[in-house]
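Participant: This is the content of input02.pdb (PDB, C-alpha atoms):
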```pdb
ATOM      1  CA  MET K   1     -38.902-131.634 -44.640
ATOM      2  CA  VAL K   2     -40.841-134.284 -46.475
ATOM      3  CA  LEU K   3     -43.855-136.536 -46.815
ATOM      4  CA  ILE K   4     -46.483-133.819 -46.590
ATOM      5  CA  THR K   5     -49.495-134.822 -48.653
ATOM      6  CA  ALA K   6     -52.684-133.015 -49.581
ATOM      7  CA  LEU K   7     -50.890-129.667 -49.421
ATOM      8  CA  THR K   8     -52.673-126.483 -50.341
ATOM      9  CA  LEU K   9     -51.082-123.492 -51.976
ATOM     10  CA  LEU K  10     -50.577-120.447 -49.822
ATOM     11  CA  SER K  11     -53.721-118.313 -49.722
ATOM     12  CA  ALA K  12     -54.332-115.608 -52.309
ATOM     13  CA  PHE K  13     -52.625-112.298 -51.737
ATOM     14  CA  SER K  14     -54.481-109.124 -50.887
ATOM     15  CA  GLN K  15     -51.869-106.698 -52.163
ATOM     16  CA  MET K  16     -48.640-106.862 -54.155
ATOM     17  CA  VAL K  17     -45.761-104.414 -53.916
ATOM     18  CA  ALA K  18     -43.197-104.716 -56.702
ATOM     19  CA  GLY K  19     -39.775-103.168 -56.341
ATOM     20  CA  GLN K  20     -40.508-100.887 -53.398
ATOM     21  CA  MET K  21     -41.241-101.041 -49.715
ATOM     22  CA  PRO K  22     -44.820-100.428 -48.484
ATOM     23  CA  SER K  23     -45.766 -96.972 -47.224
ATOM     24  CA  GLN K  24     -48.852 -97.772 -45.185
ATOM     25  CA  SER K  25     -49.148 -97.635 -41.417
ATOM     26  CA  PRO K  26     -48.410-100.820 -39.414
ATOM     27  CA  ALA K  27     -52.152-101.488 -39.057
ATOM     28  CA  ALA K  28     -52.639-101.283 -42.816
ATOM     29  CA  ASP K  29     -49.556-103.460 -43.343
ATOM     30  CA  SER K  30     -50.948-106.274 -41.203
ATOM     31  CA  ARG K  31     -51.978-108.310 -44.259
ATOM     32  CA  LEU K  32     -49.686-106.736 -46.822
ATOM     33  CA  THR K  33     -47.893-109.031 -49.251
ATOM     34  CA  ILE K  34     -44.443-107.808 -50.243
ATOM     35  CA  SER K  35     -42.273-108.832 -53.170
ATOM     36  CA  ILE K  36     -38.951-109.460 -51.461
ATOM     37  CA  TRP K  37     -36.831-108.841 -54.559
ATOM     38  CA  SER K  38     -37.133-105.613 -56.506
ATOM     39  CA  ASP K  39     -37.833-106.064 -60.226
ATOM     40  CA  ILE K  40     -36.553-109.540 -61.202
ATOM     41  CA  ALA K  41     -36.069-112.257 -58.597
ATOM     42  CA  PRO K  42     -32.854-114.317 -58.669
ATOM     43  CA  GLY K  43     -33.405-117.516 -60.608
ATOM     44  CA  SER K  44     -36.445-116.156 -62.447
ATOM     45  CA  GLY K  45     -34.736-116.409 -65.824
ATOM     46  CA  GLY K  46     -35.611-112.782 -66.516
ATOM     47  CA  ARG K  47     -39.365-113.304 -66.258
ATOM     48  CA  PRO K  48     -41.390-110.378 -64.850
ATOM     49  CA  GLN K  49     -42.609-110.318 -61.266
ATOM     50  CA  ASP K  50     -46.130-111.563 -61.997
ATOM     51  CA  ASP K  51     -45.183-114.297 -64.455
ATOM     52  CA  ASP K  52     -44.834-117.440 -62.400
ATOM     53  CA  ALA K  53     -45.463-118.246 -58.756
ATOM     54  CA  SER K  54     -42.550-120.678 -58.589
ATOM     55  CA  VAL K  55     -39.946-117.941 -59.039
ATOM     56  CA  GLN K  56     -41.480-114.798 -57.555
ATOM     57  CA  PRO K  57     -40.912-114.874 -53.786
ATOM     58  CA  THR K  58     -43.054-112.778 -51.477
ATOM     59  CA  MET K  59     -43.802-112.516 -47.797
ATOM     60  CA  THR K  60     -47.114-111.677 -46.178
ATOM     61  CA  ALA K  61     -47.066-109.594 -43.002
ATOM     62  CA  TYR K  62     -49.166-110.528 -39.977
ATOM     63  CA  LEU K  63     -48.624-107.759 -37.459
ATOM     64  CA  PRO K  64     -49.969-108.031 -33.910
ATOM     65  CA  ASP K  65     -52.119-105.430 -32.250
ATOM     66  CA  GLU K  66     -49.812-102.640 -31.094
ATOM     67  CA  SER K  67     -51.063-103.043 -27.520
ATOM     68  CA  LYS K  68     -49.729-106.624 -27.512
ATOM     69  CA  SER K  69     -46.572-106.192 -29.562
ATOM     70  CA  ASN K  70     -43.346-107.181 -27.804
ATOM     71  CA  GLY K  71     -41.011-106.199 -30.655
ATOM     72  CA  THR K  72     -40.155-109.746 -31.770
ATOM     73  CA  ALA K  73     -40.583-110.845 -35.388
ATOM     74  CA  VAL K  74     -40.480-114.258 -37.037
ATOM     75  CA  ILE K  75     -40.156-115.241 -40.689
ATOM     76  CA  VAL K  76     -42.375-118.323 -41.207
ATOM     77  CA  CYS K  77     -41.240-120.787 -43.914
ATOM     78  CA  PRO K  78     -43.986-123.290 -44.839
ATOM     79  CA  GLY K  79     -43.278-126.824 -46.005
ATOM     80  CA  GLY K  80     -44.323-128.551 -49.200
ATOM     81  CA  ALA K  81     -41.360-130.464 -50.669
ATOM     82  CA  PHE K  82     -40.465-127.447 -52.851
ATOM     83  CA  ARG K  83     -43.477-128.231 -55.042
ATOM     84  CA  ALA K  84     -46.158-126.308 -53.119
ATOM     85  CA  LEU K  85     -46.495-124.426 -49.840
ATOM     86  CA  SER K  86     -48.524-125.538 -46.857
ATOM     87  CA  ASN K  87     -50.808-122.974 -45.294
ATOM     88  CA  GLU K  88     -49.212-121.863 -42.023
ATOM     89  CA  GLU K  89     -51.552-118.930 -41.375
ATOM     90  CA  SER K  90     -52.574-120.529 -38.075
ATOM     91  CA  VAL K  91     -48.930-120.318 -36.958
ATOM     92  CA  ALA K  92     -48.778-116.642 -37.916
ATOM     93  CA  LEU K  93     -51.985-115.896 -36.030
ATOM     94  CA  TRP K  94     -50.751-117.781 -32.962
ATOM     95  CA  LEU K  95     -47.540-115.729 -33.045
ATOM     96  CA  ASN K  96     -49.640-112.564 -33.215
ATOM     97  CA  GLN K  97     -51.508-113.666 -30.094
ATOM     98  CA  GLN K  98     -48.157-113.750 -28.302
ATOM     99  CA  GLY K  99     -47.377-110.213 -29.494
ATOM    100  CA  ILE K 100     -44.988-111.434 -32.196
ATOM    101  CA  ALA K 101     -44.980-110.105 -35.764
ATOM    102  CA  ALA K 102     -45.074-112.900 -38.357
ATOM    103  CA  PHE K 103     -44.025-112.792 -42.006
ATOM    104  CA  VAL K 104     -45.074-115.848 -44.007
ATOM    105  CA  LEU K 105     -42.501-116.465 -46.723
ATOM    106  CA  ARG K 106     -43.410-117.682 -50.182
ATOM    107  CA  TYR K 107     -39.977-118.853 -51.309
ATOM    108  CA  HIS K 108     -38.680-120.296 -54.582
ATOM    109  CA  LEU K 109     -40.255-123.575 -55.658
ATOM    110  CA  LEU K 110     -39.430-125.987 -58.441
ATOM    111  CA  ASP K 111     -40.694-124.633 -61.751
ATOM    112  CA  PRO K 112     -43.597-126.911 -62.775
ATOM    113  CA  ARG K 113     -42.949-126.003 -66.421
ATOM    114  CA  SER K 114     -39.425-127.376 -66.375
ATOM    115  CA  GLY K 115     -40.604-130.966 -66.584
ATOM    116  CA  GLY K 116     -37.658-131.996 -64.452
ATOM    117  CA  ARG K 117     -37.696-134.183 -61.434
ATOM    118  CA  GLY K 118     -37.104-132.831 -57.975
ATOM    119  CA  GLY K 119     -38.946-132.111 -54.827
ATOM    120  CA  MET K 120     -38.782-134.540 -51.969
ATOM    121  CA  GLY K 121     -41.201-137.403 -52.136
ATOM    122  CA  GLN K 122     -40.901-140.801 -50.482
ATOM    123  CA  ILE K 123     -37.520-141.049 -48.756
ATOM    124  CA  PRO K 124     -35.801-144.301 -47.816
ATOM    125  CA  ARG K 125     -35.595-144.821 -44.074
ATOM    126  CA  ASN K 126     -31.917-145.735 -44.382
ATOM    127  CA  LEU K 127     -30.944-142.366 -45.870
ATOM    128  CA  GLU K 128     -27.235-141.693 -45.324
ATOM    129  CA  ILE K 129     -26.658-138.423 -43.464
ATOM    130  CA  LYS K 130     -23.247-136.726 -43.735
ATOM    131  CA  ASN K 131     -22.226-133.401 -42.191
ATOM    132  CA  ALA K 132     -25.806-133.168 -40.866
ATOM    133  CA  ASN K 133     -26.981-132.962 -44.481
ATOM    134  CA  ALA K 134     -30.228-134.938 -44.805
ATOM    135  CA  ASN K 135     -30.942-134.020 -48.429
ATOM    136  CA  PRO K 136     -32.554-137.132 -49.932
ATOM    137  CA  GLU K 137     -31.272-136.305 -53.428
ATOM    138  CA  PRO K 138     -27.816-134.728 -52.981
ATOM    139  CA  ASN K 139     -26.976-135.130 -56.677
ATOM    140  CA  ASN K 140     -30.179-133.573 -57.988
ATOM    141  CA  LYS K 141     -29.005-130.305 -59.566
ATOM    142  CA  GLU K 142     -32.518-128.921 -59.968
ATOM    143  CA  LEU K 143     -33.287-129.485 -56.295
ATOM    144  CA  ALA K 144     -29.897-128.068 -55.230
ATOM    145  CA  LYS K 145     -30.587-124.908 -57.207
ATOM    146  CA  VAL K 146     -34.007-124.326 -55.677
ATOM    147  CA  VAL K 147     -32.597-124.912 -52.173
ATOM    148  CA  ARG K 148     -29.955-122.213 -52.825
ATOM    149  CA  LEU K 149     -32.561-119.800 -54.130
ATOM    150  CA  ALA K 150     -35.024-120.487 -51.316
ATOM    151  CA  THR K 151     -32.400-119.920 -48.621
ATOM    152  CA  ALA K 152     -31.439-116.660 -50.325
ATOM    153  CA  ASP K 153     -35.127-115.714 -50.107
ATOM    154  CA  GLY K 154     -35.002-116.422 -46.371
ATOM    155  CA  ARG K 155     -32.013-114.143 -45.870
ATOM    156  CA  GLN K 156     -33.600-111.404 -47.961
ATOM    157  CA  ALA K 157     -36.798-111.606 -45.928
ATOM    158  CA  ILE K 158     -34.806-111.126 -42.724
ATOM    159  CA  ASN K 159     -32.986-108.202 -44.314
ATOM    160  CA  ILE K 160     -36.258-106.488 -45.276
ATOM    161  CA  VAL K 161     -37.786-106.947 -41.829
ATOM    162  CA  ARG K 162     -34.643-105.558 -40.197
ATOM    163  CA  GLN K 163     -34.586-102.584 -42.586
ATOM    164  CA  ASN K 164     -38.200-101.790 -41.657
ATOM    165  CA  ALA K 165     -37.912-102.613 -37.964
ATOM    166  CA  GLU K 166     -38.694 -99.099 -36.767
ATOM    167  CA  LYS K 167     -41.729 -98.782 -39.033
ATOM    168  CA  TRP K 168     -43.167-102.124 -37.951
ATOM    169  CA  LYS K 169     -42.209-101.565 -34.286
ATOM    170  CA  ILE K 170     -39.777-104.482 -34.267
ATOM    171  CA  ASN K 171     -36.584-104.838 -32.269
ATOM    172  CA  PRO K 172     -33.876-105.415 -34.936
ATOM    173  CA  LYS K 173     -32.100-107.744 -32.496
ATOM    174  CA  ARG K 174     -35.155-109.964 -32.025
ATOM    175  CA  ILE K 175     -35.784-111.251 -35.542
ATOM    176  CA  GLY K 176     -35.968-115.013 -36.012
ATOM    177  CA  ILE K 177     -36.911-117.560 -38.639
ATOM    178  CA  ILE K 178     -38.966-120.727 -38.249
ATOM    179  CA  GLY K 179     -39.511-123.433 -40.842
ATOM    180  CA  PHE K 180     -41.688-126.501 -41.264
ATOM    181  CA  SER K 181     -40.564-129.580 -43.194
ATOM    182  CA  ALA K 182     -38.780-128.341 -46.355
ATOM    183  CA  GLY K 183     -39.206-124.847 -44.897
ATOM    184  CA  GLY K 184     -37.106-125.995 -41.941
ATOM    185  CA  GLY K 185     -34.314-126.712 -44.391
ATOM    186  CA  VAL K 186     -34.797-123.193 -45.772
ATOM    187  CA  ALA K 187     -34.653-121.690 -42.271
ATOM    188  CA  VAL K 188     -31.478-123.561 -41.308
ATOM    189  CA  GLY K 189     -29.860-122.917 -44.679
ATOM    190  CA  SER K 190     -30.551-119.193 -44.415
ATOM    191  CA  VAL K 191     -28.264-119.070 -41.376
ATOM    192  CA  LEU K 192     -25.290-120.854 -42.877
ATOM    193  CA  GLU K 193     -24.216-118.171 -45.360
ATOM    194  CA  SER K 194     -25.706-115.113 -43.711
ATOM    195  CA  ARG K 195     -24.168-111.730 -43.035
ATOM    196  CA  PRO K 196     -24.910-109.421 -40.078
ATOM    197  CA  GLU K 197     -27.717-107.607 -41.904
ATOM    198  CA  ASN K 198     -29.578-110.811 -42.818
ATOM    199  CA  ARG K 199     -28.615-113.140 -40.002
ATOM    200  CA  PRO K 200     -31.538-114.239 -37.797
ATOM    201  CA  ASP K 201     -31.191-113.843 -34.045
ATOM    202  CA  PHE K 202     -32.767-117.262 -33.535
ATOM    203  CA  VAL K 203     -33.880-120.152 -35.721
ATOM    204  CA  ALA K 204     -36.446-122.893 -35.165
ATOM    205  CA  THR K 205     -37.136-125.901 -37.324
ATOM    206  CA  LEU K 206     -40.084-128.266 -37.097
ATOM    207  CA  TYR K 207     -39.410-131.682 -38.675
ATOM    208  CA  GLY K 208     -36.991-130.016 -41.089
ATOM    209  CA  PRO K 209     -33.307-131.031 -41.014
ATOM    210  CA  ALA K 210     -30.576-129.362 -43.047
ATOM    211  CA  LEU K 211     -30.574-129.938 -46.806
ATOM    212  CA  VAL K 212     -26.943-128.855 -47.238
ATOM    213  CA  ASP K 213     -23.707-129.571 -45.402
ATOM    214  CA  VAL K 214     -23.769-127.820 -42.044
ATOM    215  CA  ASN K 215     -20.719-125.713 -41.315
ATOM    216  CA  VAL K 216     -21.836-123.911 -38.182
ATOM    217  CA  PRO K 217     -20.872-120.218 -38.358
ATOM    218  CA  ALA K 218     -18.904-118.652 -35.518
ATOM    219  CA  ASP K 219     -21.824-116.357 -34.711
ATOM    220  CA  ALA K 220     -24.522-118.998 -35.100
ATOM    221  CA  PRO K 221     -27.846-118.050 -33.475
ATOM    222  CA  HIS K 222     -29.831-120.030 -30.916
ATOM    223  CA  LEU K 223     -31.420-123.113 -32.472
ATOM    224  CA  PHE K 224     -34.688-124.866 -31.559
ATOM    225  CA  ILE K 225     -35.618-128.233 -33.115
ATOM    226  CA  ALA K 226     -38.790-130.298 -32.733
ATOM    227  CA  VAL K 227     -39.593-133.563 -34.514
ATOM    228  CA  ALA K 228     -41.469-136.829 -34.004
ATOM    229  CA  ALA K 229     -39.330-139.941 -33.529
ATOM    230  CA  ASP K 230     -41.519-141.911 -35.923
ATOM    231  CA  HIS K 231     -40.841-139.449 -38.727
ATOM    232  CA  MET K 232     -37.811-141.274 -40.090
ATOM    233  CA  PRO K 233     -35.309-140.411 -41.473
ATOM    234  CA  VAL K 234     -36.245-136.781 -40.821
ATOM    235  CA  SER K 235     -35.849-137.278 -37.071
ATOM    236  CA  ALA K 236     -32.345-138.700 -37.598
ATOM    237  CA  GLY K 237     -31.463-135.623 -39.653
ATOM    238  CA  CYS K 238     -32.742-133.325 -36.914
ATOM    239  CA  VAL K 239     -30.672-135.154 -34.295
ATOM    240  CA  ALA K 240     -27.602-134.837 -36.548
ATOM    241  CA  LEU K 241     -28.254-131.093 -36.880
ATOM    242  CA  TYR K 242     -28.489-130.725 -33.110
ATOM    243  CA  ASN K 243     -25.250-132.660 -32.580
ATOM    244  CA  VAL K 244     -23.330-130.526 -35.069
ATOM    245  CA  TRP K 245     -24.623-127.279 -33.501
ATOM    246  CA  LYS K 246     -23.674-128.425 -29.998
ATOM    247  CA  ALA K 247     -20.276-129.731 -31.140
ATOM    248  CA  ALA K 248     -19.552-126.206 -32.371
ATOM    249  CA  GLY K 249     -20.296-124.903 -28.881
ATOM    250  CA  LYS K 250     -23.500-123.162 -29.903
ATOM    251  CA  SER K 251     -26.882-122.966 -28.195
ATOM    252  CA  ALA K 252     -29.377-125.613 -29.286
ATOM    253  CA  GLU K 253     -32.476-127.305 -27.898
ATOM    254  CA  LEU K 254     -33.979-130.510 -29.282
ATOM    255  CA  HIS K 255     -37.414-132.047 -28.686
ATOM    256  CA  VAL K 256     -37.958-135.554 -30.076
ATOM    257  CA  TYR K 257     -41.538-136.664 -29.433
ATOM    258  CA  SER K 258     -42.235-140.377 -29.251
ATOM    259  CA  ASP K 259     -44.784-140.056 -32.031
ATOM    260  CA  GLY K 260     -46.525-137.339 -33.943
ATOM    261  CA  ARG K 261     -46.212-138.301 -37.563
ATOM    262  CA  ALA K 262     -45.245-135.901 -40.321
ATOM    263  CA  GLY K 263     -46.493-132.372 -40.761
ATOM    264  CA  PHE K 264     -48.318-131.899 -37.466
ATOM    265  CA  SER K 265     -47.859-128.116 -37.329
ATOM    266  CA  MET K 266     -50.735-126.677 -35.225
ATOM    267  CA  ARG K 267     -52.931-129.742 -35.757
ATOM    268  CA  LYS K 268     -54.003-131.351 -32.488
ATOM    269  CA  GLN K 269     -53.445-135.111 -32.354
ATOM    270  CA  GLY K 270     -53.758-135.821 -28.648
ATOM    271  CA  LEU K 271     -49.992-136.442 -28.522
ATOM    272  CA  THR K 272     -47.090-134.778 -26.727
ATOM    273  CA  SER K 273     -46.104-133.155 -30.025
ATOM    274  CA  ASP K 274     -49.185-130.947 -29.544
ATOM    275  CA  LEU K 275     -47.102-128.984 -27.040
ATOM    276  CA  TRP K 276     -44.334-127.912 -29.408
ATOM    277  CA  TYR K 277     -45.462-124.293 -29.790
ATOM    278  CA  GLU K 278     -45.806-123.818 -26.029
ATOM    279  CA  GLN K 279     -42.286-125.178 -25.617
ATOM    280  CA  LEU K 280     -41.045-122.914 -28.414
ATOM    281  CA  TYR K 281     -42.577-119.887 -26.704
ATOM    282  CA  SER K 282     -41.016-120.853 -23.359
ATOM    283  CA  TRP K 283     -37.648-121.270 -25.089
ATOM    284  CA  MET K 284     -37.992-117.845 -26.714
ATOM    285  CA  LYS K 285     -38.782-116.263 -23.340
ATOM    286  CA  VAL K 286     -35.801-117.909 -21.635
ATOM    287  CA  ARG K 287     -33.512-116.735 -24.470
ATOM    288  CA  GLY K 288     -34.775-113.163 -24.142
ATOM    289  CA  PHE K 289     -36.820-112.981 -27.345
ATOM    290  CA  CYS K 290     -40.179-112.517 -25.645
ATOM    291  CA  ASP K 291     -41.049-110.406 -22.618
TER     292      ASP K 291
END
```
Could I get this structure in the form of structure tokens?
Facilitator:
Amino acid sequence: MVLITALTLLSAFSQMVAGQMPSQSPAADSRLTISIWSDIAPGSGGRPQDDDASVQPTMTAYLPDESKSNGTAVIVCPGGAFRALSNEESVALWLNQQGIAAFVLRYHLLDPRSGGRGGMGQIPRNLEIKNANANPEPNNKELAKVVRLATADGRQAINIVRQNAEKWKINPKRIGIIGFSAGGGVAVGSVLESRPENRPDFVATLYGPALVDVNVPADAPHLFIAVAADHMPVSAGCVALYNVWKAAGKSAELHVYSDGRAGFSMRKQGLTSDLWYEQLYSWMKVRGFCD
């Protein structure tokens, strides 16, 4: 969720589709960037689609070779404290190697022109966590707004992928969402107010606890959590999220590595946290989301 430094903005986009779905073949779509809201995005203040990156959400498709495709798709939500987005292309490419379609989400960020505070910087280790809500600034209205908008982006991304499942050779019942750091909060939040058409079939969060109160829905999907124990208080928030999910009688798996520091993603550190993506893939196979 937090403490990611030296972040880079998501890489430049090869194509932009405004207000309509792409018409190319799956191969041509494999690096297509899609505006997930037609015309004006919620929260944009009426600004046009190309006006400001902080309020114009998109997702970039990374489709696997058809010979490898297993019909599973994952929305990837990068981290960045709602101020920038980390580059998780390596995650998307790894998913492709497993035959999984990946869609990297560029969700709402704090508007740098607002001059307001927000974003999640240094967090006190003694952060109070209630209802599995590990938001470090629960009274920050600007941050609360961007969290709402970003989670709506997550649901809309799922909706678009499900609508185009046949075209992209995706099983509409095997669409998940995975988030890193703040993106983990987006992924979890996207589940909490979802409807059947935009509800993910599984959710995974890497060092990203909930940023809102967690009221586990009756049809909550399978949940996978991975975090390093020395990433406090993020690890405490992830444990709280797991406990709430299990208390509701829902499927959840938690990996707390002894160390790994913040923002490890696909970066090798010679630690047990290096294994998280292998464990995620095994979990997906056991749950029936990979062949």
Participant: Extract, using all atoms listed in the file, all DNA, RNA and protein residues at most 10 Å from K:Gly183, discarding same-chain residues fewer than 2 positions from it, and format them as a PyMOL selection string.
Facilitator: chain K and resi 1-2+76-82+85-86+105-107+147+150-151+154+177-181+185-189+205-210
Participant: Do you know which residues are at most 8 Å from K:Asp153 counting only C-alpha atoms, after dropping those on the same chain fewer than 2 positions away, and could you put them as a list in words?
Facilitator: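 The filter keeps Ile36, Pro57, Tyr107, His108, Leu149, Ala150, Thr151, Arg155, Gln156 and Ala157 of chain K.
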Participant: Which residues of stretch 134-199 of chain K sit at most 10 Å from stretch 236-250 of chain K, using all atoms listed in the file? Give each one's shortest atom pair and distance in Å (one decimal place), in chain and ascending residue order, as a tab-separated table.
Facilitator:
```
residue	atom	partner	partner_atom	distance
K:Ala134	CA	K:Gly237	CA	5.3
K:Asn135	CA	K:Gly237	CA	8.9
K:Gly184	CA	K:Cys238	CA	9.9
K:Val188	CA	K:Leu241	CA	9.3
```
Participant: Please, could you write that set of residues out with C-alpha atoms as a short mmCIF file (atom, residue, chain, number, x, y, z; two decimals), in the frame of the given file?
Facilitator:
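Result file is again.cif:
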```cif
data_model
loop_
_atom_site.label_atom_id
_atom_site.label_comp_id
_atom_site.auth_asym_id
_atom_site.auth_seq_id
_atom_site.Cartn_x
_atom_site.Cartn_y
_atom_site.Cartn_z
CA ALA K 134 -30.23 -134.94 -44.80
CA ASN K 135 -30.94 -134.02 -48.43
CA GLY K 184 -37.11 -126.00 -41.94
CA VAL K 188 -31.48 -123.56 -41.31
#
```
Participant: Any chance you could resolve the PyMOL selection byres ((chain K and resi 64) around 8) against this file and give the residues as a ChimeraX atom specification?
Facilitator: /K:30,62-63,65-66,68-69,96-97,99-101
Participant: With C-alpha atoms retained, could you export that selection as a PDB file, keeping the file's coordinate frame?
Facilitator:
```
ATOM      1  CA  SER K  30     -50.948-106.274 -41.203  1.00  0.00           C
ATOM      2  CA  TYR K  62     -49.166-110.528 -39.977  1.00  0.00           C
ATOM      3  CA  LEU K  63     -48.624-107.759 -37.459  1.00  0.00           C
ATOM      4  CA  ASP K  65     -52.119-105.430 -32.250  1.00  0.00           C
ATOM      5  CA  GLU K  66     -49.812-102.640 -31.094  1.00  0.00           C
ATOM      6  CA  LYS K  68     -49.729-106.624 -27.512  1.00  0.00           C
ATOM      7  CA  SER K  69     -46.572-106.192 -29.562  1.00  0.00           C
ATOM      8  CA  ASN K  96     -49.640-112.564 -33.215  1.00  0.00           C
ATOM      9  CA  GLN K  97     -51.508-113.666 -30.094  1.00  0.00           C
ATOM     10  CA  GLY K  99     -47.377-110.213 -29.494  1.00  0.00           C
ATOM     11  CA  ILE K 100     -44.988-111.434 -32.196  1.00  0.00           C
ATOM     12  CA  ALA K 101     -44.980-110.105 -35.764  1.00  0.00           C
TER      13      ALA K 101
END
```
Participant: Using the chain letters and residue numbers of this document, give as an MDAnalysis selection string the residues selected by the PyMOL selection byres ((chain K and resi 270-276) around 12).
Facilitator: chainID K and resid 91 204:207 224:231 253:269 277:283
Participant: Take the residues from that selection and put them in a file with C-alpha atoms, as a PDB file, keeping the file's coordinate frame.
Facilitator:
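Ended up saving to part35.pdb:
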```pdb
ATOM      1  CA  VAL K  91     -48.930-120.318 -36.958  1.00  0.00           C
ATOM      2  CA  ALA K 204     -36.446-122.893 -35.165  1.00  0.00           C
ATOM      3  CA  THR K 205     -37.136-125.901 -37.324  1.00  0.00           C
ATOM      4  CA  LEU K 206     -40.084-128.266 -37.097  1.00  0.00           C
ATOM      5  CA  TYR K 207     -39.410-131.682 -38.675  1.00  0.00           C
ATOM      6  CA  PHE K 224     -34.688-124.866 -31.559  1.00  0.00           C
ATOM      7  CA  ILE K 225     -35.618-128.233 -33.115  1.00  0.00           C
ATOM      8  CA  ALA K 226     -38.790-130.298 -32.733  1.00  0.00           C
ATOM      9  CA  VAL K 227     -39.593-133.563 -34.514  1.00  0.00           C
ATOM     10  CA  ALA K 228     -41.469-136.829 -34.004  1.00  0.00           C
ATOM     11  CA  ALA K 229     -39.330-139.941 -33.529  1.00  0.00           C
ATOM     12  CA  ASP K 230     -41.519-141.911 -35.923  1.00  0.00           C
ATOM     13  CA  HIS K 231     -40.841-139.449 -38.727  1.00  0.00           C
ATOM     14  CA  GLU K 253     -32.476-127.305 -27.898  1.00  0.00           C
ATOM     15  CA  LEU K 254     -33.979-130.510 -29.282  1.00  0.00           C
ATOM     16  CA  HIS K 255     -37.414-132.047 -28.686  1.00  0.00           C
ATOM     17  CA  VAL K 256     -37.958-135.554 -30.076  1.00  0.00           C
ATOM     18  CA  TYR K 257     -41.538-136.664 -29.433  1.00  0.00           C
ATOM     19  CA  SER K 258     -42.235-140.377 -29.251  1.00  0.00           C
ATOM     20  CA  ASP K 259     -44.784-140.056 -32.031  1.00  0.00           C
ATOM     21  CA  GLY K 260     -46.525-137.339 -33.943  1.00  0.00           C
ATOM     22  CA  ARG K 261     -46.212-138.301 -37.563  1.00  0.00           C
ATOM     23  CA  ALA K 262     -45.245-135.901 -40.321  1.00  0.00           C
ATOM     24  CA  GLY K 263     -46.493-132.372 -40.761  1.00  0.00           C
ATOM     25  CA  PHE K 264     -48.318-131.899 -37.466  1.00  0.00           C
ATOM     26  CA  SER K 265     -47.859-128.116 -37.329  1.00  0.00           C
ATOM     27  CA  MET K 266     -50.735-126.677 -35.225  1.00  0.00           C
ATOM     28  CA  ARG K 267     -52.931-129.742 -35.757  1.00  0.00           C
ATOM     29  CA  LYS K 268     -54.003-131.351 -32.488  1.00  0.00           C
ATOM     30  CA  GLN K 269     -53.445-135.111 -32.354  1.00  0.00           C
ATOM     31  CA  TYR K 277     -45.462-124.293 -29.790  1.00  0.00           C
ATOM     32  CA  GLU K 278     -45.806-123.818 -26.029  1.00  0.00           C
ATOM     33  CA  GLN K 279     -42.286-125.178 -25.617  1.00  0.00           C
ATOM     34  CA  LEU K 280     -41.045-122.914 -28.414  1.00  0.00           C
ATOM     35  CA  TYR K 281     -42.577-119.887 -26.704  1.00  0.00           C
ATOM     36  CA  SER K 282     -41.016-120.853 -23.359  1.00  0.00           C
ATOM     37  CA  TRP K 283     -37.648-121.270 -25.089  1.00  0.00           C
TER      38      TRP K 283
END
```
Participant: Which value, in Å to one decimal, gives the distance between atom CA of K:Leu211 and atom CA of K:Glu89?
Facilitator: 24.3 Å
Participant: Quick one: of K:Gln98, K:Ser90, K:Ser67, K:Asn133, who's nearest to K:Pro233, counting only C-alpha atoms?
Facilitator: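 Between K:Gln98, K:Ser90, K:Ser67, K:Asn133, the residue approaching K:Pro233 most closely is K:Asn133.
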Participant: Which residues come within 6 Å of stretch 192-202 of chain K, counting only C-alpha atoms, excluding same-chain residues fewer than 6 positions away, as a CSV table (one decimal) with C-alpha atoms, keeping the file's coordinate frame?
Facilitator:
```
chain,number,residue,atom,x,y,z
K,155,ARG,CA,-32.0,-114.1,-45.9
K,158,ILE,CA,-34.8,-111.1,-42.7
K,159,ASN,CA,-33.0,-108.2,-44.3
K,174,ARG,CA,-35.2,-110.0,-32.0
K,175,ILE,CA,-35.8,-111.3,-35.5
K,176,GLY,CA,-36.0,-115.0,-36.0
K,221,PRO,CA,-27.8,-118.0,-33.5
K,222,HIS,CA,-29.8,-120.0,-30.9
```
Participant: Atom CA of K:Asn87 to atom CA of K:Ala152: how many Å, to one decimal?
Facilitator: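 Atom CA of K:Ala152 lies at a distance of 21.0 Å from atom CA of K:Asn87.
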Participant: From the options K:Ser38, K:Gln56, K:Thr33, K:Thr72, which residue's atoms come nearest to K:Ile170, counting only C-alpha atoms?
Facilitator: K:Thr72
